[in-house]
Amino acid sequence: MVSITMAEQSDDWALLTAWRGGDSRAGERLATRYFGILTRFFLNKVRNADDAADLVSETFLACTSSKERVAGPGAFRPFLFAIAMNKLRGYYRKQAKRRRELDDFGDVCVANALPRTPSSILAHAQEARLLVRGLRRLSLSQQIVVELNVFEGLRGPQIAELLGVPSPTVYTHLRRGRKRLATVIRELTNDPKLADSTVMGLETWALEIRAKIARDT
């Protein structure tokens, strides 16, 4: 399920170097390569698909204007996601009905900040819808690492590199996030079989959601 292959990752720097040199096609290739993962990153954290699309565009625009700051080989993906995180922070800060300021970004509960009804573009299956609702009840730091693990197939060290945080922090968020997700899913439905099916088949329902997103974007 990993959306960016190792070969593509090693080519990022060459594309970025060409982009710096004025090759617009190289920039377009980078944008195409990361469009899917950025779309999925934003989609379940904002109010609707239009907002997610706007944030993807804003991320690439900021990347274009700041690309000279990428320090060396292998730095593009963390650089891109640092911009995406900043755009997401800005999005939340602009929301008029926030409960409190985002002083501690990682501890903000997404369920308190966003509508609790999952976006209709994500999935039709009951399990997939329940998974989306459950993810929105996690703290944002947990939601991000769980989604990168489940939706993108990334492991702890890869997530740590992508987000620029220590691996132990990622493993802590992942362990607690998956445990919390299982608890929340069971709280969200009165059907034990549906809850068990959702928890046991996280990767299956994540794959269905990914396919739905790909068809609708």
# chains A, B, ... in the order shown; residues from 1 in each chain; ligands from 1

$ residues_around --residues "Leu131 of chain A" --least-positions-apart "4" --cutoff "10 Å" --atoms "only C-alpha atoms" --output "VMD selection string"
chain A and resid 118 123 125 to 127 135 to 136 181 to 182 184 to 185 188 195 198 to 199 201 to 202 205 to 206 209

$ residues_around --residues "Ser65 of chain A" --least-positions-apart "4" --cutoff "12 Å" --atoms "only C-alpha atoms" --output "PyMOL selection string"
chain A and resi 19-20+27+58-61+69-70+80+83

$ closest_residue --among "A:Gly90, A:Gly177, A:Pro78, A:Gly134" --to "Gln158 of chain A" --atoms "only C-alpha atoms"
A:Pro78
